[in-house]
file protein.csv (CSV, C-alpha atoms and all ligand atoms)
chain,number,residue,atom,x,y,z
A,1,MET,CA,31.4,64.6,25.1
A,2,GLY,CA,34.4,67.1,25.4
A,3,LYS,CA,36.5,67.6,28.5
A,4,SER,CA,35.2,69.9,31.2
A,5,ASN,CA,36.4,73.6,31.3
A,6,ALA,CA,38.1,73.0,34.6
A,7,THR,CA,40.3,70.1,33.2
A,8,ASN,CA,41.1,72.3,30.2
A,9,THR,CA,42.4,75.1,32.4
A,10,ARG,CA,44.4,72.7,34.5
A,11,GLU,CA,46.1,71.3,31.4
A,12,LYS,CA,46.9,74.8,30.1
A,13,LYS,CA,48.4,75.7,33.5
A,14,PHE,CA,50.5,72.6,33.6
A,15,LEU,CA,51.7,73.2,30.0
A,16,LEU,CA,52.6,76.8,30.9
A,17,ILE,CA,54.5,75.7,34.0
A,18,ALA,CA,56.3,73.0,32.1
A,19,ILE,CA,57.4,75.4,29.3
A,20,SER,CA,58.5,77.9,31.8
A,21,ILE,CA,60.6,75.3,33.7
A,22,ILE,CA,62.2,74.1,30.4
A,23,LEU,CA,63.0,77.7,29.4
A,24,ILE,CA,64.5,78.5,32.8
A,25,ILE,CA,66.7,75.3,32.7
A,26,ALA,CA,67.7,76.1,29.1
A,27,PHE,CA,68.6,79.7,30.0
A,28,VAL,CA,70.6,78.7,33.1
A,29,THR,CA,72.4,75.9,31.3
A,30,SER,CA,73.4,78.0,28.3
A,31,THR,CA,74.6,80.9,30.6
A,32,VAL,CA,76.7,78.5,32.7
A,33,ILE,CA,78.1,76.8,29.6
A,34,PHE,CA,78.9,80.1,28.0
A,35,SER,CA,80.6,81.5,31.2
A,36,VAL,CA,82.6,78.3,31.8
A,37,TYR,CA,83.7,78.3,28.2
A,38,TYR,CA,84.5,82.0,28.1
A,39,PHE,CA,86.2,82.4,31.4
A,40,SER,CA,88.2,79.1,31.2
A,41,LYS,CA,89.5,80.2,27.8
A,42,TYR,CA,90.2,83.8,28.2
A,43,SER,CA,93.8,83.6,29.4
A,44,LYS,CA,96.3,82.4,26.8
A,45,ASN,CA,98.7,81.5,29.7
A,46,PRO,CA,101.7,83.3,28.2
A,47,GLU,CA,105.0,81.8,29.2
A,48,ILE,CA,107.7,84.4,29.2
A,49,THR,CA,111.3,83.2,30.0
A,50,ALA,CA,113.0,86.6,29.4
A,51,ARG,CA,113.5,88.9,32.4
A,52,ALA,CA,113.3,92.7,32.4
A,53,GLU,CA,114.6,95.2,35.0
A,54,ASN,CA,112.2,97.9,33.9
A,55,ILE,CA,108.7,97.8,32.3
A,56,ILE,CA,107.1,100.8,30.6
A,57,LEU,CA,103.4,100.0,30.0
A,58,MET,CA,101.8,102.6,27.7
A,59,ILE,CA,98.0,102.7,27.5
A,60,GLY,CA,96.2,104.6,24.8
A,61,ASP,CA,92.7,104.9,26.3
A,62,GLY,CA,90.2,103.9,23.6
A,63,MET,CA,92.9,103.4,21.0
A,64,GLY,CA,91.8,100.8,18.5
A,65,GLU,CA,93.6,99.7,15.4
A,66,LYS,CA,91.6,102.1,13.2
A,67,HIS,CA,92.5,105.1,15.5
A,68,ILE,CA,96.2,104.4,14.7
A,69,GLU,CA,95.4,104.0,11.0
A,70,VAL,CA,93.6,107.3,10.8
A,71,ALA,CA,96.5,109.1,12.6
A,72,SER,CA,99.0,107.4,10.2
A,73,LEU,CA,96.8,108.5,7.2
A,74,TYR,CA,96.8,112.1,8.6
A,75,GLU,CA,100.6,112.1,9.0
A,76,GLY,CA,101.2,110.5,5.6
A,77,ALA,CA,103.5,107.9,7.3
A,78,PRO,CA,103.3,105.2,10.0
A,79,LEU,CA,103.6,106.4,13.6
A,80,THR,CA,106.3,105.2,16.0
A,81,ILE,CA,103.7,103.0,17.7
A,82,ASN,CA,103.0,100.9,14.5
A,83,SER,CA,106.5,101.1,12.9
A,84,SER,CA,109.2,100.9,15.6
A,85,LEU,CA,108.0,98.2,18.0
A,86,PRO,CA,108.9,94.9,16.4
A,87,GLU,CA,106.3,92.6,18.0
A,88,TYR,CA,102.6,93.0,17.8
A,89,GLY,CA,99.3,91.2,18.2
A,90,TYR,CA,95.8,91.6,19.7
A,91,VAL,CA,94.2,92.0,23.1
A,92,LYS,CA,90.7,90.8,24.1
A,93,THR,CA,89.1,93.4,26.4
A,94,ARG,CA,86.0,91.8,27.9
A,95,SER,CA,85.1,92.4,31.6
A,96,LEU,CA,82.6,90.4,33.7
A,97,THR,CA,79.9,92.8,32.7
A,98,PRO,CA,78.1,91.8,29.5
A,99,GLY,CA,78.8,94.1,26.6
A,100,PRO,CA,81.9,96.3,26.3
A,101,THR,CA,84.3,96.9,29.2
A,102,ASP,CA,84.9,100.3,30.8
A,103,SER,CA,88.4,101.6,31.6
A,104,ALA,CA,88.1,100.6,35.3
A,105,ALA,CA,87.6,96.9,34.7
A,106,SER,CA,90.1,96.8,31.8
A,107,ALA,CA,92.8,98.6,33.8
A,108,THR,CA,92.1,96.3,36.7
A,109,ALA,CA,92.5,93.3,34.4
A,110,MET,CA,95.9,94.6,33.3
A,111,ALA,CA,97.0,95.7,36.8
A,112,THR,CA,95.8,92.6,38.7
A,113,GLY,CA,95.2,89.8,36.2
A,114,LYS,CA,91.6,89.5,37.4
A,115,LYS,CA,88.3,90.1,35.6
A,116,VAL,CA,85.9,92.4,37.5
A,117,TRP,CA,82.6,94.2,36.9
A,118,ASN,CA,82.7,97.5,35.1
A,119,ARG,CA,83.3,100.5,37.3
A,120,THR,CA,85.3,98.5,39.9
A,121,VAL,CA,88.8,99.6,40.7
A,122,SER,CA,91.2,96.7,41.6
A,123,MET,CA,88.6,95.1,44.0
A,124,PHE,CA,86.5,91.9,43.8
A,125,ASN,CA,83.8,90.8,46.2
A,126,GLY,CA,84.7,93.7,48.5
A,127,LYS,CA,88.4,92.7,48.8
A,128,PRO,CA,91.4,94.4,47.3
A,129,LEU,CA,93.2,92.7,44.4
A,130,GLU,CA,97.0,92.9,44.5
A,131,THR,CA,98.4,95.1,41.7
A,132,ILE,CA,101.5,94.8,39.6
A,133,THR,CA,102.5,98.2,41.2
A,134,GLU,CA,102.4,96.7,44.7
A,135,LEU,CA,104.2,93.5,43.5
A,136,ALA,CA,106.9,95.6,41.8
A,137,GLN,CA,107.4,97.6,45.0
A,138,LYS,CA,107.7,94.4,47.1
A,139,ALA,CA,110.4,93.4,44.6
A,140,GLY,CA,112.3,96.6,45.5
A,141,LYS,CA,111.4,98.5,42.3
A,142,LYS,CA,110.3,102.1,41.9
A,143,THR,CA,106.9,102.8,40.5
A,144,GLY,CA,105.3,105.6,38.6
A,145,LEU,CA,102.0,106.6,36.8
A,146,VAL,CA,101.6,109.4,34.2
A,147,THR,CA,98.3,110.4,32.6
A,148,THR,CA,96.8,113.2,30.5
A,149,LYS,CA,93.6,113.3,32.6
A,150,SER,CA,93.0,113.2,36.3
A,151,VAL,CA,95.3,110.9,38.2
A,152,THR,CA,92.2,109.8,40.1
A,153,ASP,CA,90.5,108.5,36.8
A,154,ALA,CA,89.9,104.8,36.3
A,155,THR,CA,93.1,103.8,34.5
A,156,PRO,CA,95.7,105.2,36.9
A,157,ALA,CA,93.4,104.4,39.8
A,158,ALA,CA,93.5,100.7,39.1
A,159,PHE,CA,97.3,100.8,39.4
A,160,SER,CA,97.3,102.7,42.7
A,161,ALA,CA,94.1,102.3,44.7
A,162,HIS,CA,91.3,99.9,45.6
A,163,VAL,CA,87.7,101.2,45.5
A,164,LYS,CA,84.3,99.7,44.8
A,165,HIS,CA,83.3,102.4,42.3
A,166,ARG,CA,85.5,104.6,40.1
A,167,LYS,CA,83.5,107.7,40.9
A,168,ASN,CA,85.0,107.7,44.5
A,169,GLN,CA,87.8,110.0,43.3
A,170,SER,CA,88.5,111.7,46.6
A,171,GLU,CA,89.0,108.2,48.2
A,172,ILE,CA,91.3,107.3,45.3
A,173,ALA,CA,93.3,110.5,45.8
A,174,LEU,CA,93.6,109.8,49.6
A,175,GLN,CA,94.8,106.2,48.9
A,176,GLN,CA,97.3,107.5,46.4
A,177,ILE,CA,98.7,110.0,49.0
A,178,GLU,CA,98.6,107.7,52.0
A,179,ASN,CA,99.1,104.1,50.8
A,180,SER,CA,100.3,103.9,47.2
A,181,ASN,CA,104.1,104.4,47.8
A,182,LEU,CA,104.4,105.7,44.2
A,183,ASN,CA,107.6,107.5,43.3
A,184,VAL,CA,106.0,109.4,40.4
A,185,LEU,CA,102.4,110.5,39.9
A,186,PHE,CA,101.9,113.1,37.1
A,187,GLY,CA,98.6,114.2,35.7
A,188,LEU,CA,95.5,116.4,36.3
A,189,GLY,CA,93.0,116.3,39.2
A,190,GLN,CA,93.7,119.4,41.3
A,191,GLU,CA,90.1,119.4,42.6
A,192,TYR,CA,90.7,116.0,44.3
A,193,TYR,CA,94.2,116.9,45.5
A,194,ALA,CA,93.6,120.4,46.8
A,195,PRO,CA,91.7,119.2,49.9
A,196,TYR,CA,94.7,117.1,51.0
A,197,SER,CA,97.4,119.7,50.1
A,198,THR,CA,98.9,119.9,53.6
A,199,LYS,CA,99.6,116.1,53.7
A,200,ILE,CA,101.1,115.5,50.3
A,201,ALA,CA,104.6,117.0,50.5
A,202,ASN,CA,106.9,115.4,53.2
A,203,ASP,CA,110.5,114.5,53.8
A,204,THR,CA,110.6,112.1,50.9
A,205,ARG,CA,108.0,113.6,48.5
A,206,ASP,CA,107.8,116.7,46.5
A,207,TYR,CA,104.3,118.1,45.7
A,208,PHE,CA,104.1,120.3,42.6
A,209,THR,CA,101.2,121.9,40.8
A,210,SER,CA,102.9,123.2,37.6
A,211,PHE,CA,105.3,122.1,34.9
A,212,SER,CA,107.9,124.8,35.9
A,213,GLN,CA,108.3,123.3,39.4
A,214,LEU,CA,109.3,119.9,38.0
A,215,SER,CA,112.8,121.1,37.3
A,216,SER,CA,113.4,121.5,41.0
A,217,ALA,CA,112.4,117.9,41.8
A,218,SER,CA,114.9,116.5,44.3
A,219,LYS,CA,113.1,114.0,46.5
A,220,GLU,CA,112.7,110.2,45.8
A,221,SER,CA,109.0,110.7,45.2
A,222,VAL,CA,107.3,113.5,43.1
A,223,PHE,CA,103.6,114.1,42.7
A,224,CYS,CA,102.8,116.7,40.1
A,225,ILE,CA,99.1,117.5,39.8
A,226,LEU,CA,98.5,120.0,37.0
A,227,PRO,CA,95.5,122.3,36.3
A,228,ASP,CA,92.9,120.9,33.9
A,229,ASP,CA,94.2,122.7,30.8
A,230,GLY,CA,97.8,121.9,32.0
A,231,ILE,CA,99.0,119.4,29.3
A,232,SER,CA,99.5,120.4,25.7
A,233,THR,CA,99.3,118.3,22.6
A,234,ILE,CA,101.4,120.7,20.6
A,235,SER,CA,104.5,118.6,19.9
A,236,ASN,CA,107.2,121.3,20.4
A,237,SER,CA,105.6,122.6,23.6
A,238,GLU,CA,107.5,121.9,26.9
A,239,GLU,CA,104.2,120.9,28.6
A,240,THR,CA,103.3,117.6,27.0
A,241,LEU,CA,102.9,114.0,27.8
A,242,ARG,CA,106.4,113.4,26.2
A,243,VAL,CA,108.0,115.9,28.7
A,244,LEU,CA,106.2,114.2,31.6
A,245,THR,CA,107.3,110.8,30.4
A,246,GLU,CA,111.0,112.0,30.1
A,247,LYS,CA,110.8,113.5,33.7
A,248,ALA,CA,109.2,110.3,35.1
A,249,LEU,CA,112.0,108.2,33.5
A,250,ASP,CA,114.7,110.5,34.9
A,251,ILE,CA,113.2,110.2,38.4
A,252,LEU,CA,112.6,106.4,38.3
A,253,SER,CA,116.0,105.5,36.8
A,254,LYS,CA,118.2,107.8,38.9
A,255,ASP,CA,120.5,105.9,41.3
A,256,ASN,CA,118.2,102.9,41.0
A,257,PRO,CA,119.8,99.5,40.5
A,258,ASN,CA,116.5,97.6,41.1
A,259,GLY,CA,114.5,98.8,38.2
A,260,PHE,CA,111.0,100.3,37.9
A,261,PHE,CA,107.5,99.9,36.6
A,262,LEU,CA,106.0,103.0,34.8
A,263,MET,CA,102.5,103.3,33.3
A,264,VAL,CA,101.9,106.1,30.9
A,265,GLU,CA,98.3,106.8,29.7
A,266,GLY,CA,97.1,108.8,26.7
A,267,ALA,CA,93.7,109.3,28.3
A,268,LYS,CA,92.0,111.8,26.0
A,269,ILE,CA,92.2,109.5,22.9
A,270,ASP,CA,89.0,108.0,24.5
A,271,THR,CA,87.5,111.4,25.4
A,272,MET,CA,87.9,112.8,21.9
A,273,SER,CA,86.5,109.5,20.4
A,274,HIS,CA,83.4,109.7,22.7
A,275,ASP,CA,82.9,113.3,21.3
A,276,ASN,CA,83.4,112.1,17.7
A,277,ASN,CA,86.1,114.8,17.4
A,278,MET,CA,88.5,113.2,14.8
A,279,GLN,CA,91.1,116.1,14.8
A,280,GLY,CA,91.1,116.1,18.6
A,281,MET,CA,91.6,112.4,18.6
A,282,ILE,CA,94.5,112.6,16.2
A,283,ASN,CA,96.2,115.3,18.2
A,284,GLU,CA,95.9,113.2,21.4
A,285,LEU,CA,97.2,110.1,19.6
A,286,MET,CA,100.1,112.0,18.1
A,287,ALA,CA,101.0,113.4,21.6
A,288,PHE,CA,100.9,109.8,22.9
A,289,ASP,CA,103.1,108.6,20.0
A,290,ASP,CA,105.6,111.3,21.0
A,291,ALA,CA,105.7,109.8,24.5
A,292,VAL,CA,106.2,106.3,22.9
A,293,VAL,CA,109.3,107.8,21.1
A,294,THR,CA,110.7,108.8,24.5
A,295,ALA,CA,110.0,105.4,26.1
A,296,LEU,CA,111.6,103.6,23.1
A,297,HIS,CA,114.7,105.8,23.3
A,298,PHE,CA,115.1,105.0,27.0
A,299,ALA,CA,114.6,101.2,26.2
A,300,ARG,CA,117.3,101.3,23.5
A,301,THR,CA,119.8,102.9,25.8
A,302,ASN,CA,118.8,100.8,28.9
A,303,LYS,CA,118.7,97.3,27.4
A,304,ASN,CA,116.8,95.7,30.3
A,305,THR,CA,113.6,97.6,29.6
A,306,THR,CA,110.5,96.2,28.0
A,307,VAL,CA,108.0,98.6,26.4
A,308,ILE,CA,104.4,97.5,25.8
A,309,VAL,CA,102.0,99.8,24.0
A,310,LEU,CA,98.3,98.9,24.0
A,311,ALA,CA,94.7,100.0,24.6
A,312,ASP,CA,92.2,99.2,27.3
A,313,HIS,CA,89.3,99.0,24.7
A,314,GLU,CA,88.3,100.6,21.4
A,315,THR,CA,86.0,103.6,21.5
A,316,ALA,CA,83.5,104.8,18.9
A,317,ARG,CA,83.9,102.1,16.2
A,318,ILE,CA,86.0,104.0,13.6
A,319,ARG,CA,85.4,102.8,10.0
A,320,ILE,CA,87.8,104.0,7.3
A,321,PRO,CA,86.3,104.0,3.8
A,322,ALA,CA,88.1,102.1,1.1
A,323,ASP,CA,90.8,104.2,-0.7
A,324,ALA,CA,90.4,107.0,1.8
A,325,GLU,CA,93.0,109.8,1.6
A,326,ALA,CA,94.1,112.3,4.3
A,327,ASN,CA,91.8,115.0,2.9
A,328,ASP,CA,88.8,112.7,3.4
A,329,ILE,CA,89.3,112.3,7.2
A,330,SER,CA,86.0,113.0,8.8
A,331,ASP,CA,84.2,113.0,12.2
A,332,LYS,CA,81.7,110.8,10.3
A,333,TRP,CA,84.2,107.9,10.4
A,334,PHE,CA,83.2,107.4,14.0
A,335,LYS,CA,80.2,105.0,13.9
A,336,SER,CA,79.2,105.2,17.6
A,337,SER,CA,80.0,107.3,20.6
A,338,ILE,CA,80.6,104.4,23.1
A,339,HIS,CA,83.1,101.7,23.8
A,340,THR,CA,83.1,98.6,21.6
A,341,MET,CA,84.0,95.0,22.0
A,342,ARG,CA,86.6,95.0,19.2
A,343,ASP,CA,90.0,93.5,20.0
A,344,VAL,CA,92.7,96.2,20.3
A,345,PRO,CA,96.3,96.0,19.1
A,346,TYR,CA,99.4,95.6,21.3
A,347,PHE,CA,103.0,96.5,20.3
A,348,ALA,CA,106.1,95.4,22.2
A,349,PHE,CA,109.8,96.1,22.3
A,350,GLY,CA,112.6,94.7,24.5
A,351,PRO,CA,113.1,91.6,26.6
A,352,GLY,CA,110.3,89.0,26.3
A,353,ALA,CA,108.5,90.9,23.5
A,354,SER,CA,108.9,88.1,21.0
A,355,GLU,CA,107.5,85.6,23.5
A,356,ILE,CA,104.1,87.3,23.9
A,357,PRO,CA,101.4,85.3,22.0
A,358,ASP,CA,99.8,86.9,19.0
A,359,GLU,CA,96.5,87.0,20.8
A,360,ILE,CA,96.2,87.7,24.5
A,361,ASP,CA,93.6,88.6,27.0
A,362,ASN,CA,93.8,91.8,29.0
A,363,THR,CA,94.5,89.7,32.1
A,364,ASP,CA,97.5,88.2,30.4
A,365,VAL,CA,99.2,91.7,30.4
A,366,PHE,CA,99.5,91.3,34.2
A,367,LEU,CA,100.9,87.7,33.9
A,368,ILE,CA,103.4,88.9,31.2
A,369,MET,CA,104.7,91.8,33.4
A,370,LYS,CA,104.9,89.5,36.5
A,371,GLN,CA,107.0,87.0,34.7
A,372,LEU,CA,109.2,89.7,33.2
A,373,PHE,CA,109.9,90.9,36.7
A,374,ASN,CA,110.5,87.3,37.9
A,375,ILE,CA,107.8,87.6,40.5
A,376,PRO,CA,106.5,84.1,41.5
A,401,ZN,ZN,85.6,105.9,27.5
call {"tool": "encode", "arguments": {"input": "protein.csv", "output": "structure tokens"}}
result
Amino acid sequence: MGKSNATNTREKKFLLIAISIILIIAFVTSTVIFSVYYFSKYSKNPEITARAENIILMIGDGMGEKHIEVASLYEGAPLTINSSLPEYGYVKTRSLTPGPTDSAASATAMATGKKVWNRTVSMFNGKPLETITELAQKAGKKTGLVTTKSVTDATPAAFSAHVKHRKNQSEIALQQIENSNLNVLFGLGQEYYAPYSTKIANDTRDYFTSFSQLSSASKESVFCILPDDGISTISNSEETLRVLTEKALDILSKDNPNGFFLMVEGAKIDTMSHDNNMQGMINELMAFDDAVVTALHFARTNKNTTVIVLADHETARIRIPADAEANDISDKWFKSSIHTMRDVPYFAFGPGASEIPDEIDNTDVFLIMKQLFNIP
């Protein structure tokens, strides 16, 4: 005689529950082990003994190693980025969110030393995370941010505001105006600044909306928020990222014995890569390279200045065919239109540059800058 149908069903149910429990335990255990492994290992705990008065952090948004290679191929020679900064290595870019990071989480990692979820701007669990900008100000330094897109976009926002979601750009503008204490803020974003136009200029701060006004800057702080087509990539134009970087360095270094922190972003390298527009990407990267020339020139004449050039993540998985020549450069070399998890290169010049490990995490960028500034 076989078992009854009822017993059979009960056994099947039991087996199903047992398998489910085992699968759940296996899933939870492997997730915990992975997380503990990943997040206990991510920082390389760099130990920097050198000290710098000034730091210029230059972020090519979306600028992977292959982006720089394509631009070099186009130019027929290495760029300043990959030929004039003596130290280089790689940066891991992961955020807490599975998959590739976005600019908000990656900029937050560099600005605060903390991993956060994508879209978050220098906050975790509803609380603000202290930024290198705020720490530098506490140490008596001047601070500035320069970008080729809106000053309220994720990268500059992470260095000057604390919001739960990067899309809260009006709130970011308001925090930059009321709380950031920045000495320099240059970029686009008039739509977010216009509503506050009456409260931006004051006794200590100039508020400009065009390049031509910048020559009359006289106060200790200068916000210049340009129209959306306001920054050129043509290298001999007087309205480029290079010119903004020169002006920022003038303002930050003038009559200032305590040093400064300046972040300069080539923001549209990412935009052009999302669009798979190779010529546009090259133009943006070359304009960023011109700004690197300016930063290096400053660092060579002001010896206590460290320049770090890097990216927040790679965008659009560029692949360069073997033996490719300049004439072969093509939009088809982009193999996706989204961010990737590739490591990105860093390049460094000045005090402490040779002490940076060959491989770092994006959170280490904060630790390195903090040590260079001798902030405990
Ligand atoms: Zn992007």
call {"tool": "atom_distance", "arguments": {"input": "protein.csv", "atom1": "CA of Asn277 in chain A", "atom2": "CA of Ser150 in chain A"}}
result
20.2 Å
call {"tool": "residues_near_ligand", "arguments": {"input": "protein.csv", "ligand": "ligand ZN 401 (chain A)", "cutoff": "7 Å", "atoms": "all atoms listed in the file", "output": "list in words"}}
result
Gly62, Asp102, Ser103, Asp270, Thr271, His274, Thr315, Ile338 and His339 of chain A
call {"tool": "closest_residue", "arguments": {"input": "protein.csv", "among": "A:Leu73, A:Ala139, A:Ala295, A:Ala348", "to": "Ala324 in chain A", "atoms": "only C-alpha atoms"}}
result
A:Leu73
call {"tool": "atom_distance", "arguments": {"input": "protein.csv", "atom1": "CA of Met278 in chain A", "atom2": "CA of Ile234 in chain A"}}
result
16.0 Å
call {"tool": "closest_residue", "arguments": {"input": "protein.csv", "among": "A:Ile356, A:Lys303, A:Thr155, A:Ser273", "to": "Ser336 in chain A", "atoms": "all atoms listed in the file"}}
result
A:Ser273
call {"tool": "atom_distance", "arguments": {"input": "protein.csv", "atom1": "CA of Ile329 in chain A", "atom2": "CA of Leu296 in chain A"}}
result
28.7 Å
call {"tool": "residues_near_point", "arguments": {"input": "protein.csv", "point": "(103.5, 89.0, 18.3)", "cutoff": "8 Å", "atoms": "all atoms listed in the file", "output": "PyMOL selection string"}}
result
chain A and resi 87-89+347-348+353-359
call {"tool": "closest_atom_pairs", "arguments": {"input": "protein.csv", "of": "range 85-123 of chain A", "to": "range 364-368 of chain A", "cutoff": "12 Å", "atoms": "only C-alpha atoms", "output": "Markdown table"}}
result
| residue | atom | partner | partner_atom | distance |
| --- | --- | --- | --- | --- |
| A:Tyr90 | CA | A:Val365 | CA | 11.2 |
| A:Val91 | CA | A:Val365 | CA | 8.9 |
| A:Lys92 | CA | A:Asp364 | CA | 9.6 |
| A:Thr93 | CA | A:Asp364 | CA | 10.7 |
| A:Ser106 | CA | A:Val365 | CA | 10.5 |
| A:Ala107 | CA | A:Phe366 | CA | 9.9 |
| A:Thr108 | CA | A:Phe366 | CA | 9.3 |
| A:Ala109 | CA | A:Phe366 | CA | 7.3 |
| A:Met110 | CA | A:Phe366 | CA | 5.0 |
| A:Ala111 | CA | A:Phe366 | CA | 5.7 |
| A:Thr112 | CA | A:Phe366 | CA | 6.0 |
| A:Gly113 | CA | A:Phe366 | CA | 5.0 |
| A:Lys114 | CA | A:Phe366 | CA | 8.7 |
| A:Lys115 | CA | A:Asp364 | CA | 10.7 |
call {"tool": "write_last_selection", "arguments": {"input": "protein.csv", "atoms": "C-alpha atoms", "output": "PDB file, keeping the file's coordinate frame"}}
result
ATOM      1  CA  TYR A  90      95.800  91.600  19.700  1.00  0.00           C
ATOM      2  CA  VAL A  91      94.200  92.000  23.100  1.00  0.00           C
ATOM      3  CA  LYS A  92      90.700  90.800  24.100  1.00  0.00           C
ATOM      4  CA  THR A  93      89.100  93.400  26.400  1.00  0.00           C
ATOM      5  CA  SER A 106      90.100  96.800  31.800  1.00  0.00           C
ATOM      6  CA  ALA A 107      92.800  98.600  33.800  1.00  0.00           C
ATOM      7  CA  THR A 108      92.100  96.300  36.700  1.00  0.00           C
ATOM      8  CA  ALA A 109      92.500  93.300  34.400  1.00  0.00           C
ATOM      9  CA  MET A 110      95.900  94.600  33.300  1.00  0.00           C
ATOM     10  CA  ALA A 111      97.000  95.700  36.800  1.00  0.00           C
ATOM     11  CA  THR A 112      95.800  92.600  38.700  1.00  0.00           C
ATOM     12  CA  GLY A 113      95.200  89.800  36.200  1.00  0.00           C
ATOM     13  CA  LYS A 114      91.600  89.500  37.400  1.00  0.00           C
ATOM     14  CA  LYS A 115      88.300  90.100  35.600  1.00  0.00           C
TER      15      LYS A 115
END
call {"tool": "closest_residue", "arguments": {"input": "protein.csv", "among": "A:Val116, A:Leu185, A:Val70, A:Ile225", "to": "Thr363 in chain A", "atoms": "all atoms listed in the file"}}
result
A:Val116
